[in-house]
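The block underneath contains the structure these notes are about, expressed in structure tokens.
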Amino acid sequence: MPRATNSPASRARRKRTLKQAKGFRGFRSTHFRYAKDAVRKAMTYAFRDRKARRRNFRRLWIARLSAATRPLGLSYSRFIEGLKAASIDMDRKVLADLAIHDEAGFALIVERAKSALVSKSQKA
């Protein structure tokens with residue numbers, strides 16, 4: 001009995017990999033043997049860097065909030081503690097955007113956080 005090569009599926013798999021490798025340089029875009037390694041590595045980098053992008057944006061928002069709260073007499077960590085005490089539930093992205101685009105509104109939020117800290121310390 002002759003050997004079956006599963007040709008249609010194999011060809012489809014190779015075509016799919018070569019399509020993903022479009023734009024790579026040299027043999028990595030035209031030869032399956034090299035393209036499959038390049039695509040696998042690219043997928044690994046893409047997965048890793050999606051996580052890193054979220055991490056980097058969070059660091060950026062925290063740095064912006066820290067820079068915005070210090071002139072108002074509060075450190076970043078005390079500001080976040082005051083927000084929790086005041087039951088203000090806003091994420092760092094929105095707060096950082098407020099700090100840049102609406103300084104007066106951000107100052108009000110900082111004052112509410114400060115007053116919540118004061119009342120929290122008086123209770124303790």
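Order determines the names: the first chain of the structure tokens is A, the second B, and so forth; residues in each chain are numbered 1 upward, and ligands are numbered 1 upward as they are shown.
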
Counting only C-alpha atoms, what is within 10 Å of Met43 in chain A, bar same-chain residues fewer than 6 positions away, as JSON, numbers by chain?
-> {"A": [20, 37, 49]}

Within 12 Å of range 73-81 of chain A using only C-alpha atoms, minus same-chain residues under 3 positions, as a ChimeraX atom specification = /A:61-70,84-92,95-96,106-107,109-118,120-121

So which residues touch Ala38 in chain A within 8 Å, counting only C-alpha atoms, skipping near sequence neighbours fewer than 4 positions away, as a short mmCIF file (atom, residue, chain, number, x, y, z; two decimals) with N, CA and C atoms, in the first residue's frame?
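Just written: selection.cif:
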data_model
loop_
_atom_site.label_atom_id
_atom_site.label_comp_id
_atom_site.auth_asym_id
_atom_site.auth_seq_id
_atom_site.Cartn_x
_atom_site.Cartn_y
_atom_site.Cartn_z
N ALA A 21 4.78 34.94 7.88
CA ALA A 21 6.16 35.42 7.80
C ALA A 21 6.32 36.51 6.74
N ARG A 28 13.76 33.99 5.62
CA ARG A 28 12.77 33.88 6.68
C ARG A 28 11.35 34.15 6.17
N TYR A 34 12.95 28.06 7.48
CA TYR A 34 13.41 29.20 8.28
C TYR A 34 12.24 30.03 8.78
N ALA A 42 8.57 35.18 16.70
CA ALA A 42 7.79 36.42 16.65
C ALA A 42 6.55 36.32 17.54
#

How many Å lie between CA of Asn56 in chain A and CA of Asp102 in chain A, rounded to one decimal?
->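 Computing the Euclidean distance for CA of Asn56 in chain A and CA of Asp102 in chain A yields 23.2 Å.
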